[in-house]
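> Below you'll find the structure I mean.
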Amino acid sequence: MCILGFKRGCICLIITSHDAQEVAAPLMQALQRGVTRLSGTGMYAGRERSVLLVAVRQQEVPRVKMLLQSLDEEAFVMLLGANEIIGGNFNVHIFPGLRP
């Protein structure tokens with residue numbers, strides 16, 4: 001997977017799972033970085049859900065996808081390209097000309 005042809009891109013994963021802690025703890029251990037949990041409501045079923053956010057480097061995506069598959073086969077996962085991530089272990093500028 002490649003973001004507009006760049007090989008050093010970052011990806012933001014948005015993960016909805018039945019058990020956020022069961023997914024977040026192994027992710028944090030495997031990636032050695034934090035995961036953010038947000039509260040949400042599934043509008044179709046009207047159920048409260050936890051939504052996890054985690055930023056990964058592009059080369060980490062296959063490993064994270066395999067880990068998520070093993071943790072929760074029914075998890076809903078979106079992978080979004082991130083133009084820029086600042087903070088933590090990230091300081092990647094994919095499109096430096098677009099920075100303010």
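Residue numbering restarts at 1 for every chain of the structure tokens, chains are lettered A, B, ... in their displayed order, and ligands are numbered from 1 as they appear.
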Which residues are near stretch 69-79 of chain A? Cut-off 8 Å, only C-alpha atoms, ignore same chain within fewer than 5 positions. Put them as a list in words.
Ile11, Cys12, Leu13, Ile14, Ile15, Thr16, Ser17, His18, Glu22 and Val23 of chain A
> Would you save the residues from that selection as a tab-separated table (two decimals), in the first residue's frame, using N, CA and C atoms?

chain	number	residue	atom	x	y	z
A	11	ILE	N	-0.23	6.10	8.39
A	11	ILE	CA	-1.60	5.66	8.30
A	11	ILE	C	-2.26	5.82	9.66
A	12	CYS	N	-3.49	6.30	9.66
A	12	CYS	CA	-4.29	6.36	10.88
A	12	CYS	C	-5.32	5.25	10.79
A	13	LEU	N	-5.33	4.39	11.79
A	13	LEU	CA	-6.32	3.33	11.84
A	13	LEU	C	-7.43	3.72	12.80
A	14	ILE	N	-8.66	3.55	12.36
A	14	ILE	CA	-9.83	3.74	13.20
A	14	ILE	C	-10.45	2.35	13.36
A	15	ILE	N	-10.51	1.88	14.59
A	15	ILE	CA	-10.90	0.50	14.86
A	15	ILE	C	-12.10	0.49	15.80
A	16	THR	N	-13.14	-0.21	15.40
A	16	THR	CA	-14.29	-0.43	16.27
A	16	THR	C	-14.34	-1.93	16.57
A	17	SER	N	-14.34	-2.26	17.85
A	17	SER	CA	-14.30	-3.65	18.28
A	17	SER	C	-15.26	-3.85	19.44
A	18	HIS	N	-15.66	-5.10	19.65
A	18	HIS	CA	-16.54	-5.41	20.78
A	18	HIS	C	-15.83	-5.18	22.11
A	22	GLU	N	-9.23	-5.45	24.90
A	22	GLU	CA	-8.65	-6.69	24.37
A	22	GLU	C	-7.87	-6.43	23.07
A	23	VAL	N	-8.24	-5.41	22.34
A	23	VAL	CA	-7.55	-5.05	21.10
A	23	VAL	C	-6.44	-4.04	21.38
> Near A:Gly34, within 12 Å and counting only C-alpha atoms, which residues show up once chain neighbours fewer than 4 positions away are dropped, as a short mmCIF file (atom, residue, chain, number, x, y, z; two decimals) with C-alpha atoms, in the first residue's frame?

data_model
loop_
_atom_site.label_atom_id
_atom_site.label_comp_id
_atom_site.auth_asym_id
_atom_site.auth_seq_id
_atom_site.Cartn_x
_atom_site.Cartn_y
_atom_site.Cartn_z
CA ALA A 24 -5.76 -1.97 22.44
CA ALA A 25 -3.40 -3.69 24.90
CA PRO A 26 -1.77 -6.03 22.35
CA LEU A 27 -1.57 -3.17 19.82
CA MET A 28 0.23 -0.95 22.32
CA GLN A 29 2.61 -3.76 23.20
CA ALA A 30 3.35 -4.69 19.57
CA LEU A 52 -9.71 3.17 18.84
CA LEU A 53 -7.32 5.47 17.01
CA VAL A 54 -3.71 4.59 16.33
CA ALA A 55 -1.12 6.02 13.97
CA VAL A 56 1.29 3.63 12.29
CA GLY A 87 4.04 14.25 18.31
CA GLY A 88 5.07 11.06 20.01
CA ASN A 89 7.42 9.08 17.81
CA PHE A 90 6.16 10.82 14.68
#
> How far is it from atom CA of A:Ala20 to atom CA of A:Ser50, in Å with one decimal?
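Pair atom CA of A:Ala20 / atom CA of A:Ser50 returns 6.0 Å.
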> From the set A:Leu31, A:Arg47, A:Asp19, A:Leu38, which residue has the shortest atom-to-atom contact distance to A:Gln59, counting only C-alpha atoms?
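Once distances to A:Gln59 are computed over only C-alpha atoms, the minimum belongs to A:Leu31.
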> Just how far from atom CA of A:Val51 is atom CA of A:Thr36, in Å to one decimal?
8.1 Å
